file work09.cif (mmCIF, C-alpha atoms)
data_query
loop_
_atom_site.group_PDB
_atom_site.id
_atom_site.type_symbol
_atom_site.label_atom_id
_atom_site.label_comp_id
_atom_site.auth_asym_id
_atom_site.auth_seq_id
_atom_site.Cartn_x
_atom_site.Cartn_y
_atom_site.Cartn_z
ATOM 1 C CA ASP Z 18 -15.477 -20.789 7.861
ATOM 2 C CA ALA Z 19 -19.150 -21.616 8.139
ATOM 3 C CA MET Z 20 -20.326 -23.772 5.254
ATOM 4 C CA VAL Z 21 -24.054 -23.801 6.041
ATOM 5 C CA ILE Z 22 -25.311 -20.377 7.066
ATOM 6 C CA GLN Z 23 -28.719 -19.712 8.522
ATOM 7 C CA ASN Z 24 -30.389 -16.344 8.932
ATOM 8 C CA PRO Z 25 -31.652 -14.982 11.144
ATOM 9 C CA ARG Z 26 -30.235 -16.793 14.168
ATOM 10 C CA TYR Z 27 -33.112 -15.494 16.285
ATOM 11 C CA GLN Z 28 -36.569 -14.525 15.054
ATOM 12 C CA VAL Z 29 -39.551 -13.322 17.056
ATOM 13 C CA THR Z 30 -42.862 -13.264 15.225
ATOM 14 C CA GLN Z 31 -46.452 -12.657 16.167
ATOM 15 C CA PHE Z 32 -49.018 -15.407 16.217
ATOM 16 C CA GLY Z 33 -50.287 -15.848 12.650
ATOM 17 C CA LYS Z 34 -47.736 -13.527 11.034
ATOM 18 C CA PRO Z 35 -45.821 -15.200 8.171
ATOM 19 C CA VAL Z 36 -42.125 -15.726 8.693
ATOM 20 C CA THR Z 37 -39.282 -16.816 6.413
ATOM 21 C CA LEU Z 38 -36.023 -18.431 7.485
ATOM 22 C CA SER Z 39 -33.132 -18.680 5.060
ATOM 23 C CA CYS Z 40 -30.258 -21.069 4.534
ATOM 24 C CA SER Z 41 -27.271 -20.758 2.253
ATOM 25 C CA GLN Z 42 -24.427 -23.172 1.607
ATOM 26 C CA THR Z 43 -20.959 -22.893 0.115
ATOM 27 C CA LEU Z 44 -20.504 -26.645 -0.355
ATOM 28 C CA ASN Z 45 -22.330 -26.943 -3.687
ATOM 29 C CA HIS Z 46 -24.288 -29.866 -2.249
ATOM 30 C CA ASN Z 47 -27.308 -30.970 -4.191
ATOM 31 C CA VAL Z 48 -29.406 -32.026 -1.192
ATOM 32 C CA MET Z 49 -30.754 -29.559 1.366
ATOM 33 C CA TYR Z 50 -32.863 -30.423 4.413
ATOM 34 C CA TRP Z 51 -34.995 -28.564 6.925
ATOM 35 C CA TYR Z 52 -35.403 -29.969 10.420
ATOM 36 C CA GLN Z 53 -37.453 -28.773 13.376
ATOM 37 C CA GLN Z 54 -36.023 -29.256 16.852
ATOM 38 C CA LYS Z 55 -38.051 -28.482 19.958
ATOM 39 C CA SER Z 56 -36.505 -28.133 23.368
ATOM 40 C CA SER Z 57 -34.796 -31.340 24.572
ATOM 41 C CA GLN Z 58 -36.112 -33.301 21.600
ATOM 42 C CA ALA Z 59 -34.472 -34.907 18.597
ATOM 43 C CA PRO Z 60 -34.479 -33.000 15.290
ATOM 44 C CA LYS Z 61 -37.452 -33.899 13.112
ATOM 45 C CA LEU Z 62 -37.226 -33.834 9.319
ATOM 46 C CA LEU Z 63 -39.777 -31.506 7.693
ATOM 47 C CA PHE Z 64 -38.734 -31.823 4.030
ATOM 48 C CA HIS Z 65 -35.761 -31.934 1.717
ATOM 49 C CA TYR Z 66 -34.734 -30.967 -1.796
ATOM 50 C CA TYR Z 67 -32.755 -33.226 -4.091
ATOM 51 C CA ASP Z 68 -31.646 -30.628 -6.628
ATOM 52 C CA LYS Z 69 -34.986 -29.014 -7.534
ATOM 53 C CA ASP Z 70 -37.104 -31.992 -6.505
ATOM 54 C CA PHE Z 71 -39.071 -31.252 -3.358
ATOM 55 C CA ASN Z 72 -39.789 -34.101 -0.910
ATOM 56 C CA ASN Z 73 -42.254 -33.450 1.866
ATOM 57 C CA GLU Z 74 -42.517 -35.665 4.942
ATOM 58 C CA ALA Z 75 -46.003 -37.112 5.341
ATOM 59 C CA ASP Z 76 -46.543 -35.562 8.762
ATOM 60 C CA THR Z 77 -45.240 -32.064 7.967
ATOM 61 C CA PRO Z 78 -48.099 -29.568 8.460
ATOM 62 C CA ASP Z 79 -49.319 -27.608 5.423
ATOM 63 C CA ASN Z 80 -48.369 -24.468 7.307
ATOM 64 C CA PHE Z 81 -44.738 -25.177 6.395
ATOM 65 C CA GLN Z 82 -43.516 -24.516 2.870
ATOM 66 C CA SER Z 83 -40.118 -24.337 1.253
ATOM 67 C CA ARG Z 84 -38.434 -22.758 -1.755
ATOM 68 C CA ARG Z 85 -35.105 -23.446 -3.383
ATOM 69 C CA PRO Z 86 -34.377 -20.827 -6.045
ATOM 70 C CA ASN Z 87 -30.868 -22.141 -6.761
ATOM 71 C CA THR Z 88 -28.305 -24.653 -5.492
ATOM 72 C CA SER Z 89 -26.973 -22.371 -2.784
ATOM 73 C CA PHE Z 90 -30.153 -21.121 -1.144
ATOM 74 C CA CYS Z 91 -33.175 -22.680 0.508
ATOM 75 C CA PHE Z 92 -35.997 -20.965 2.413
ATOM 76 C CA LEU Z 93 -38.448 -22.169 5.029
ATOM 77 C CA ASP Z 94 -41.767 -20.307 5.020
ATOM 78 C CA ILE Z 95 -44.187 -20.638 7.913
ATOM 79 C CA ARG Z 96 -47.459 -19.210 6.658
ATOM 80 C CA SER Z 97 -49.330 -18.761 9.932
ATOM 81 C CA PRO Z 98 -47.095 -19.539 12.906
ATOM 82 C CA GLY Z 99 -48.762 -20.912 15.982
ATOM 83 C CA LEU Z 100 -47.381 -21.129 19.497
ATOM 84 C CA GLY Z 101 -46.563 -24.780 18.863
ATOM 85 C CA ASP Z 102 -44.209 -23.820 16.039
ATOM 86 C CA ALA Z 103 -41.749 -22.188 18.417
ATOM 87 C CA ALA Z 104 -38.580 -24.225 17.967
ATOM 88 C CA MET Z 105 -35.102 -24.220 16.491
ATOM 89 C CA TYR Z 106 -35.078 -24.798 12.751
ATOM 90 C CA LEU Z 107 -32.014 -26.495 11.374
ATOM 91 C CA CYS Z 108 -30.855 -26.487 7.781
ATOM 92 C CA ALA Z 109 -28.559 -29.252 6.562
ATOM 93 C CA THR Z 110 -26.860 -30.248 3.322
ATOM 94 C CA SER Z 111 -25.249 -33.306 1.822
ATOM 95 C CA ARG Z 112 -23.862 -34.454 -1.494
ATOM 96 C CA GLY Z 113 -26.026 -37.072 -3.160
ATOM 97 C CA THR Z 114 -28.266 -39.225 -1.018
ATOM 98 C CA GLY Z 115 -27.825 -41.792 1.656
ATOM 99 C CA THR Z 116 -26.946 -44.343 -0.963
ATOM 100 C CA SER Z 117 -23.689 -42.506 -1.537
ATOM 101 C CA GLY Z 118 -22.989 -42.464 2.168
ATOM 102 C CA ASN Z 119 -22.019 -38.836 2.516
ATOM 103 C CA THR Z 120 -21.821 -36.756 5.650
ATOM 104 C CA ILE Z 121 -24.663 -34.355 6.428
ATOM 105 C CA TYR Z 122 -23.606 -30.859 7.495
ATOM 106 C CA PHE Z 123 -25.806 -28.668 9.674
ATOM 107 C CA GLY Z 124 -26.063 -24.936 10.113
ATOM 108 C CA GLU Z 125 -26.174 -23.178 13.477
ATOM 109 C CA GLY Z 126 -29.963 -23.095 13.500
ATOM 110 C CA SER Z 127 -32.606 -20.376 13.633
ATOM 111 C CA TRP Z 128 -34.513 -19.946 16.870
ATOM 112 C CA LEU Z 129 -38.149 -19.013 16.331
ATOM 113 C CA THR Z 130 -40.241 -17.487 19.101
ATOM 114 C CA VAL Z 131 -43.969 -16.930 18.554
ATOM 115 C CA VAL Z 132 -45.688 -14.334 20.745
ATOM 116 C CA LYS E 159 -40.826 -47.422 11.063
ATOM 117 C CA GLN E 160 -37.250 -46.701 12.101
ATOM 118 C CA GLU E 161 -36.817 -45.737 15.732
ATOM 119 C CA VAL E 162 -33.565 -44.655 17.343
ATOM 120 C CA THR E 163 -32.973 -44.757 21.083
ATOM 121 C CA GLN E 164 -30.084 -43.389 23.111
ATOM 122 C CA ILE E 165 -29.293 -44.532 26.606
ATOM 123 C CA PRO E 166 -28.587 -42.971 29.014
ATOM 124 C CA ALA E 167 -30.405 -39.687 28.484
ATOM 125 C CA ALA E 168 -27.888 -37.918 30.720
ATOM 126 C CA LEU E 169 -24.452 -38.732 32.032
ATOM 127 C CA SER E 170 -22.153 -36.989 34.503
ATOM 128 C CA VAL E 171 -18.525 -38.058 34.911
ATOM 129 C CA PRO E 172 -15.362 -36.638 36.481
ATOM 130 C CA GLU E 173 -12.699 -35.316 34.159
ATOM 131 C CA GLY E 174 -10.386 -37.998 32.819
ATOM 132 C CA GLU E 175 -12.914 -40.794 32.858
ATOM 133 C CA ASN E 176 -13.833 -42.558 29.606
ATOM 134 C CA LEU E 177 -17.322 -41.948 28.218
ATOM 135 C CA VAL E 178 -19.508 -44.674 26.694
ATOM 136 C CA LEU E 179 -22.631 -43.554 24.849
ATOM 137 C CA ASN E 180 -25.098 -46.046 23.414
ATOM 138 C CA CYS E 181 -27.381 -45.846 20.397
ATOM 139 C CA SER E 182 -29.809 -48.494 19.166
ATOM 140 C CA PHE E 183 -32.029 -48.609 16.093
ATOM 141 C CA THR E 184 -34.912 -50.901 15.212
ATOM 142 C CA ASP E 185 -34.415 -51.432 11.474
ATOM 143 C CA SER E 186 -31.007 -52.681 10.365
ATOM 144 C CA ALA E 187 -31.574 -51.518 6.757
ATOM 145 C CA ILE E 188 -29.437 -48.412 7.093
ATOM 146 C CA TYR E 189 -26.913 -46.748 4.800
ATOM 147 C CA ASN E 190 -24.823 -45.228 7.529
ATOM 148 C CA LEU E 191 -24.858 -43.947 11.093
ATOM 149 C CA GLN E 192 -23.588 -40.555 12.114
ATOM 150 C CA TRP E 193 -22.689 -39.190 15.543
ATOM 151 C CA PHE E 194 -23.192 -35.480 16.202
ATOM 152 C CA ARG E 195 -22.370 -33.090 18.983
ATOM 153 C CA GLN E 196 -24.732 -30.256 19.905
ATOM 154 C CA ASP E 197 -23.814 -27.427 22.273
ATOM 155 C CA PRO E 198 -26.660 -25.522 23.963
ATOM 156 C CA GLY E 199 -28.514 -23.311 21.505
ATOM 157 C CA LYS E 200 -26.276 -24.330 18.616
ATOM 158 C CA GLY E 201 -26.479 -26.481 15.518
ATOM 159 C CA LEU E 202 -25.129 -29.988 15.094
ATOM 160 C CA THR E 203 -21.460 -30.743 14.491
ATOM 161 C CA SER E 204 -20.652 -34.021 12.781
ATOM 162 C CA LEU E 205 -18.205 -36.170 14.755
ATOM 163 C CA LEU E 206 -18.026 -39.515 12.989
ATOM 164 C CA LEU E 207 -19.755 -41.236 10.090
ATOM 165 C CA ILE E 208 -19.794 -45.034 9.899
ATOM 166 C CA GLN E 209 -20.897 -46.653 6.661
ATOM 167 C CA SER E 210 -23.168 -49.684 6.953
ATOM 168 C CA SER E 211 -20.323 -51.916 5.748
ATOM 169 C CA GLN E 212 -17.908 -50.669 8.428
ATOM 170 C CA ARG E 213 -17.489 -51.834 12.011
ATOM 171 C CA GLU E 214 -15.831 -48.764 13.484
ATOM 172 C CA GLN E 215 -14.414 -45.310 12.905
ATOM 173 C CA THR E 216 -11.863 -43.370 14.906
ATOM 174 C CA SER E 217 -10.984 -39.709 15.175
ATOM 175 C CA GLY E 218 -8.606 -38.590 17.887
ATOM 176 C CA ARG E 219 -10.105 -39.483 21.265
ATOM 177 C CA LEU E 220 -13.344 -40.611 19.644
ATOM 178 C CA ASN E 221 -14.126 -44.130 18.543
ATOM 179 C CA ALA E 222 -17.491 -45.297 17.248
ATOM 180 C CA SER E 223 -18.484 -48.892 16.619
ATOM 181 C CA LEU E 224 -21.382 -50.250 14.607
ATOM 182 C CA ASP E 225 -23.079 -53.623 14.835
ATOM 183 C CA LYS E 226 -25.687 -53.354 12.139
ATOM 184 C CA SER E 227 -27.209 -56.781 12.609
ATOM 185 C CA SER E 228 -28.008 -56.119 16.256
ATOM 186 C CA GLY E 229 -28.939 -52.473 15.628
ATOM 187 C CA ARG E 230 -26.364 -50.933 17.921
ATOM 188 C CA SER E 231 -23.668 -48.300 17.881
ATOM 189 C CA THR E 232 -21.428 -47.104 20.675
ATOM 190 C CA LEU E 233 -19.451 -43.873 20.903
ATOM 191 C CA TYR E 234 -16.381 -43.962 23.128
ATOM 192 C CA ILE E 235 -14.693 -40.764 24.228
ATOM 193 C CA ALA E 236 -11.360 -41.390 25.900
ATOM 194 C CA ALA E 237 -9.991 -39.285 28.757
ATOM 195 C CA SER E 238 -12.959 -36.927 28.938
ATOM 196 C CA GLN E 239 -12.434 -33.182 29.367
ATOM 197 C CA PRO E 240 -14.808 -30.435 30.555
ATOM 198 C CA GLY E 241 -14.930 -29.231 26.935
ATOM 199 C CA ASP E 242 -16.606 -32.503 25.995
ATOM 200 C CA SER E 243 -19.719 -31.413 27.887
ATOM 201 C CA ALA E 244 -22.525 -31.273 25.299
ATOM 202 C CA THR E 245 -25.417 -33.320 23.967
ATOM 203 C CA TYR E 246 -24.435 -36.195 21.692
ATOM 204 C CA LEU E 247 -26.905 -37.423 19.097
ATOM 205 C CA CYS E 248 -26.764 -40.419 16.840
ATOM 206 C CA ALA E 249 -28.689 -40.592 13.585
ATOM 207 C CA VAL E 250 -29.230 -43.339 11.032
ATOM 208 C CA ARG E 251 -29.620 -42.762 7.337
ATOM 209 C CA HIS E 252 -32.290 -44.955 5.772
ATOM 210 C CA GLY E 253 -35.269 -44.992 3.445
ATOM 211 C CA ALA E 254 -35.730 -45.920 -0.202
ATOM 212 C CA ALA E 255 -33.347 -43.224 -1.462
ATOM 213 C CA GLY E 256 -31.413 -42.894 1.762
ATOM 214 C CA ASN E 257 -32.712 -39.399 2.337
ATOM 215 C CA LYS E 258 -34.241 -40.025 5.717
ATOM 216 C CA LEU E 259 -32.077 -39.236 8.719
ATOM 217 C CA THR E 260 -33.704 -40.311 11.974
ATOM 218 C CA PHE E 261 -32.226 -39.096 15.230
ATOM 219 C CA GLY E 262 -32.102 -40.505 18.708
ATOM 220 C CA GLY E 263 -33.126 -38.331 21.630
ATOM 221 C CA GLY E 264 -29.519 -37.610 22.564
ATOM 222 C CA THR E 265 -27.337 -38.106 25.619
ATOM 223 C CA ARG E 266 -26.566 -34.982 27.631
ATOM 224 C CA VAL E 267 -23.014 -35.238 28.957
ATOM 225 C CA LEU E 268 -21.466 -33.240 31.775
ATOM 226 C CA VAL E 269 -17.753 -33.641 32.487
ATOM 227 C CA LYS E 270 -16.891 -32.207 35.871
ATOM 228 C CA PRO E 271 -13.429 -30.664 36.443
#
call {"tool": "encode", "arguments": {"input": "work09.cif", "output": "structure tokens"}}
result
Amino acid sequence: DAMVIQNPRYQVTQFGKPVTLSCSQTLNHNVMYWYQQKSSQAPKLLFHYYDKDFNNEADTPDNFQSRRPNTSFCFLDIRSPGLGDAAMYLCATSRGTGTSGNTIYFGEGSWLTVV
Amino acid sequence: KQEVTQIPAALSVPEGENLVLNCSFTDSAIYNLQWFRQDPGKGLTSLLLIQSSQREQTSGRLNASLDKSSGRSTLYIAASQPGDSATYLCAVRHGAAGNKLTFGGGTRVLVKP
């Protein structure tokens, strides 16, 4: 059974129209991550939550925001999508941090197309 | 800044041959290294996790080694099968709180029947 679930799997949005991607997990992990992966490129970390603490990567555009209302759910909001934001967005979870050496689990990804 | 490189970028082998995938990283201050598999259009599936204190991990036909001091890891897949065709990514966990996971560009593998 899927442990990290992303919805929708495929999203088409218009240029500049806000879009929200969701992620839920059944693992009760306290850390949740959002990555952006463009075609044939490595996933790039946008931000992560450690419990309720939000950690933004320095080079993540302001256009990208996130919410984590509870342990199980995390949302990625793109306020004004541009053509360059078309990508697959991956949600991931882990227990603790890297210092505890735990495996990171990824969802199936959400494909975003901007038209 | 941590940088992760995977060579080769693509690999094509006949079925039954052993696969050797290489991963190198520039900063040896890592907590662990994880190998993932990614099928086209799909998310990442974790294959093996090697802690920084370990030298290797094995799971079935997969064996991964880690030489932290030289910044290298190798993934071996024995007796390859067409179902092994996918992109394989390595990622190192690092940073002050270990919350940064930096990926290599991946090796795209094709196993021909």
call {"tool": "residues_around", "arguments": {"input": "work09.cif", "residues": "Z:Pro25", "least_positions_apart": "4", "cutoff": "8 Å", "atoms": "only C-alpha atoms", "output": "PyMOL selection string"}}
result
chain Z and resi 38-39+127
call {"tool": "atom_distance", "arguments": {"input": "work09.cif", "atom1": "atom CA of Z:Tyr66", "atom2": "atom CA of E:Leu205"}}
result
24.0 Å
call {"tool": "closest_atom_pairs", "arguments": {"input": "work09.cif", "of": "chain Z", "to": "chain E", "cutoff": "9 Å", "atoms": "all atoms listed in the file", "output": "tab-separated table"}}
result
residue	atom	partner	partner_atom	distance
Z:Val48	CA	E:Asn257	CA	8.8
Z:Ser57	CA	E:Gly263	CA	7.8
Z:Gln58	CA	E:Gly263	CA	5.8
Z:Ala59	CA	E:Gly263	CA	4.8
Z:Pro60	CA	E:Phe261	CA	6.5
Z:Lys61	CA	E:Thr260	CA	7.5
Z:Leu62	CA	E:Leu259	CA	7.5
Z:His65	CA	E:Asn257	CA	8.1
Z:Tyr67	CA	E:Asn257	CA	8.9
Z:Met105	CA	E:Gly199	CA	8.3
Z:Leu107	CA	E:Gly201	CA	6.9
Z:Cys108	CA	E:Gly201	CA	8.9
Z:Gly113	CA	E:Asn257	CA	9.0
Z:Thr114	CA	E:Asn257	CA	5.6
Z:Gly115	CA	E:Gly256	CA	3.8
Z:Thr116	CA	E:Gly256	CA	5.4
Z:Ser117	CA	E:Tyr189	CA	8.3
Z:Gly118	CA	E:Asn190	CA	6.3
Z:Asn119	CA	E:Leu207	CA	8.3
Z:Thr120	CA	E:Leu207	CA	6.6
Z:Ile121	CA	E:Ser204	CA	7.5
Z:Tyr122	CA	E:Ser204	CA	6.8
Z:Phe123	CA	E:Leu202	CA	5.6
Z:Gly124	CA	E:Gly201	CA	5.6
Z:Glu125	CA	E:Gly201	CA	3.9
Z:Gly126	CA	E:Gly201	CA	5.3
Z:Ser127	CA	E:Gly201	CA	8.9
Z:Trp128	CA	E:Gly199	CA	8.3
call {"tool": "atom_distance", "arguments": {"input": "work09.cif", "atom1": "atom CA of E:Glu161", "atom2": "atom CA of E:Leu220"}}
result
24.3 Å
call {"tool": "atom_distance", "arguments": {"input": "work09.cif", "atom1": "atom CA of Z:Asn24", "atom2": "atom CA of Z:Thr77"}}
result
21.6 Å
call {"tool": "resolve_selection", "arguments": {"input": "work09.cif", "expression": "the PyMOL selection byres ((chain E and resi 223) around 7)", "output": "VMD selection string"}}
result
chain E and resid 213 to 215 221 to 222 224 to 225 231 to 233
call {"tool": "write_last_selection", "arguments": {"input": "work09.cif", "atoms": "C-alpha atoms", "output": "mmCIF file, keeping the file's coordinate frame"}}
result
data_model
loop_
_atom_site.group_PDB
_atom_site.id
_atom_site.type_symbol
_atom_site.label_atom_id
_atom_site.label_comp_id
_atom_site.auth_asym_id
_atom_site.auth_seq_id
_atom_site.Cartn_x
_atom_site.Cartn_y
_atom_site.Cartn_z
ATOM 1 C CA ARG E 213 -17.489 -51.834 12.011
ATOM 2 C CA GLU E 214 -15.831 -48.764 13.484
ATOM 3 C CA GLN E 215 -14.414 -45.310 12.905
ATOM 4 C CA ASN E 221 -14.126 -44.130 18.543
ATOM 5 C CA ALA E 222 -17.491 -45.297 17.248
ATOM 6 C CA LEU E 224 -21.382 -50.250 14.607
ATOM 7 C CA ASP E 225 -23.079 -53.623 14.835
ATOM 8 C CA SER E 231 -23.668 -48.300 17.881
ATOM 9 C CA THR E 232 -21.428 -47.104 20.675
ATOM 10 C CA LEU E 233 -19.451 -43.873 20.903
#
call {"tool": "resolve_selection", "arguments": {"input": "work09.cif", "expression": "the PyMOL selection byres ((chain Z and resi 74) around 8)", "output": "list in words"}}
result
Leu62, Leu63, Phe64, Asn72, Asn73, Ala75, Asp76 and Thr77 of chain Z
call {"tool": "resolve_selection", "arguments": {"input": "work09.cif", "expression": "the PyMOL selection byres ((chain E and resi 165) around 7)", "output": "PyMOL selection string"}}
result
chain E and resi 163-164+166-167+179-181+265
call {"tool": "write_last_selection", "arguments": {"input": "work09.cif", "atoms": "C-alpha atoms", "output": "mmCIF file, in the coordinates of the input"}}
result
data_model
loop_
_atom_site.group_PDB
_atom_site.id
_atom_site.type_symbol
_atom_site.label_atom_id
_atom_site.label_comp_id
_atom_site.auth_asym_id
_atom_site.auth_seq_id
_atom_site.Cartn_x
_atom_site.Cartn_y
_atom_site.Cartn_z
ATOM 1 C CA THR E 163 -32.973 -44.757 21.083
ATOM 2 C CA GLN E 164 -30.084 -43.389 23.111
ATOM 3 C CA PRO E 166 -28.587 -42.971 29.014
ATOM 4 C CA ALA E 167 -30.405 -39.687 28.484
ATOM 5 C CA LEU E 179 -22.631 -43.554 24.849
ATOM 6 C CA ASN E 180 -25.098 -46.046 23.414
ATOM 7 C CA CYS E 181 -27.381 -45.846 20.397
ATOM 8 C CA THR E 265 -27.337 -38.106 25.619
#
call {"tool": "closest_residue", "arguments": {"input": "work09.cif", "among": "Z:Arg85, Z:Ser56, Z:Asp79, Z:Ala19", "to": "Z:Ser97", "atoms": "all atoms listed in the file"}}
result
Z:Asp79
call {"tool": "closest_residue", "arguments": {"input": "work09.cif", "among": "E:Lys270, E:Lys226, E:Arg195, E:Lys159", "to": "E:Gln212", "atoms": "only C-alpha atoms"}}
result
E:Lys226
call {"tool": "residues_near_point", "arguments": {"input": "work09.cif", "point": "(-43.3, -21.8, 16.2)", "cutoff": "10 Å", "atoms": "only C-alpha atoms", "output": "PDB file with C-alpha atoms, keeping the file's coordinate frame"}}
result
ATOM      1  CA  GLN Z  28     -36.569 -14.525  15.054  1.00  0.00           C
ATOM      2  CA  VAL Z  29     -39.551 -13.322  17.056  1.00  0.00           C
ATOM      3  CA  THR Z  30     -42.862 -13.264  15.225  1.00  0.00           C
ATOM      4  CA  GLN Z  31     -46.452 -12.657  16.167  1.00  0.00           C
ATOM      5  CA  PHE Z  32     -49.018 -15.407  16.217  1.00  0.00           C
ATOM      6  CA  GLY Z  33     -50.287 -15.848  12.650  1.00  0.00           C
ATOM      7  CA  VAL Z  36     -42.125 -15.726   8.693  1.00  0.00           C
ATOM      8  CA  GLN Z  53     -37.453 -28.773  13.376  1.00  0.00           C
ATOM      9  CA  LYS Z  55     -38.051 -28.482  19.958  1.00  0.00           C
ATOM     10  CA  ILE Z  95     -44.187 -20.638   7.913  1.00  0.00           C
ATOM     11  CA  SER Z  97     -49.330 -18.761   9.932  1.00  0.00           C
ATOM     12  CA  PRO Z  98     -47.095 -19.539  12.906  1.00  0.00           C
ATOM     13  CA  GLY Z  99     -48.762 -20.912  15.982  1.00  0.00           C
ATOM     14  CA  LEU Z 100     -47.381 -21.129  19.497  1.00  0.00           C
ATOM     15  CA  GLY Z 101     -46.563 -24.780  18.863  1.00  0.00           C
ATOM     16  CA  ASP Z 102     -44.209 -23.820  16.039  1.00  0.00           C
ATOM     17  CA  ALA Z 103     -41.749 -22.188  18.417  1.00  0.00           C
ATOM     18  CA  ALA Z 104     -38.580 -24.225  17.967  1.00  0.00           C
ATOM     19  CA  MET Z 105     -35.102 -24.220  16.491  1.00  0.00           C
ATOM     20  CA  TYR Z 106     -35.078 -24.798  12.751  1.00  0.00           C
ATOM     21  CA  TRP Z 128     -34.513 -19.946  16.870  1.00  0.00           C
ATOM     22  CA  LEU Z 129     -38.149 -19.013  16.331  1.00  0.00           C
ATOM     23  CA  THR Z 130     -40.241 -17.487  19.101  1.00  0.00           C
ATOM     24  CA  VAL Z 131     -43.969 -16.930  18.554  1.00  0.00           C
ATOM     25  CA  VAL Z 132     -45.688 -14.334  20.745  1.00  0.00           C
TER      26      VAL Z 132
END
call {"tool": "axis_aligned_box", "arguments": {"input": "work09.cif", "around": "stretch 98-105 of chain Z", "padding_each_side": "4 Å", "output": "lines of an AutoDock Vina configuration file"}}
result
center_x = -41.9
center_y = -22.2
center_z = 16.2
size_x = 21.7
size_y = 13.2
size_z = 14.6
call {"tool": "decode", "arguments": {"input": "work09.cif", "residues": "stretch 196-201 of chain E", "atoms": "all heavy atoms", "output": "PDB file, in the first residue's frame"}}
result
ATOM      1  N   GLN E 196      14.120   5.073 -10.313  1.00  0.00           N
ATOM      2  CA  GLN E 196      13.002   5.865 -10.812  1.00  0.00           C
ATOM      3  C   GLN E 196      12.594   5.347 -12.184  1.00  0.00           C
ATOM      4  O   GLN E 196      13.388   5.357 -13.122  1.00  0.00           O
ATOM      5  CB  GLN E 196      13.351   7.360 -10.890  1.00  0.00           C
ATOM      6  CG  GLN E 196      12.151   8.228 -11.246  1.00  0.00           C
ATOM      7  CD  GLN E 196      12.446   9.705 -11.151  1.00  0.00           C
ATOM      8  OE1 GLN E 196      13.558  10.161 -11.407  1.00  0.00           O
ATOM      9  NE2 GLN E 196      11.435  10.490 -10.764  1.00  0.00           N
ATOM     10  N   ASP E 197      11.352   4.891 -12.299  1.00  0.00           N
ATOM     11  CA  ASP E 197      10.793   4.494 -13.587  1.00  0.00           C
ATOM     12  C   ASP E 197      10.210   5.724 -14.268  1.00  0.00           C
ATOM     13  O   ASP E 197       9.843   6.695 -13.589  1.00  0.00           O
ATOM     14  CB  ASP E 197       9.736   3.415 -13.389  1.00  0.00           C
ATOM     15  CG  ASP E 197      10.354   2.107 -12.889  1.00  0.00           C
ATOM     16  OD1 ASP E 197      11.088   1.501 -13.693  1.00  0.00           O
ATOM     17  OD2 ASP E 197      10.149   1.736 -11.735  1.00  0.00           O
ATOM     18  N   PRO E 198      10.107   5.711 -15.593  1.00  0.00           N
ATOM     19  CA  PRO E 198       9.642   6.912 -16.309  1.00  0.00           C
ATOM     20  C   PRO E 198       8.317   7.437 -15.780  1.00  0.00           C
ATOM     21  O   PRO E 198       7.339   6.683 -15.643  1.00  0.00           O
ATOM     22  CB  PRO E 198       9.516   6.407 -17.754  1.00  0.00           C
ATOM     23  CG  PRO E 198      10.489   5.288 -17.852  1.00  0.00           C
ATOM     24  CD  PRO E 198      10.472   4.624 -16.515  1.00  0.00           C
ATOM     25  N   GLY E 199       8.284   8.718 -15.458  1.00  0.00           N
ATOM     26  CA  GLY E 199       7.057   9.358 -15.004  1.00  0.00           C
ATOM     27  C   GLY E 199       6.626   8.989 -13.601  1.00  0.00           C
ATOM     28  O   GLY E 199       5.512   9.321 -13.190  1.00  0.00           O
ATOM     29  N   LYS E 200       7.489   8.290 -12.861  1.00  0.00           N
ATOM     30  CA  LYS E 200       7.106   7.839 -11.527  1.00  0.00           C
ATOM     31  C   LYS E 200       7.984   8.481 -10.453  1.00  0.00           C
ATOM     32  O   LYS E 200       8.958   9.170 -10.748  1.00  0.00           O
ATOM     33  CB  LYS E 200       7.259   6.306 -11.438  1.00  0.00           C
ATOM     34  CG  LYS E 200       6.351   5.542 -12.392  1.00  0.00           C
ATOM     35  CD  LYS E 200       4.908   5.659 -11.995  1.00  0.00           C
ATOM     36  CE  LYS E 200       4.003   4.810 -12.859  1.00  0.00           C
ATOM     37  NZ  LYS E 200       4.052   3.392 -12.518  1.00  0.00           N
ATOM     38  N   GLY E 201       7.618   8.221  -9.208  1.00  0.00           N
ATOM     39  CA  GLY E 201       8.412   8.709  -8.092  1.00  0.00           C
ATOM     40  C   GLY E 201       9.654   7.867  -7.883  1.00  0.00           C
ATOM     41  O   GLY E 201       9.995   7.015  -8.708  1.00  0.00           O
TER      42      GLY E 201
END
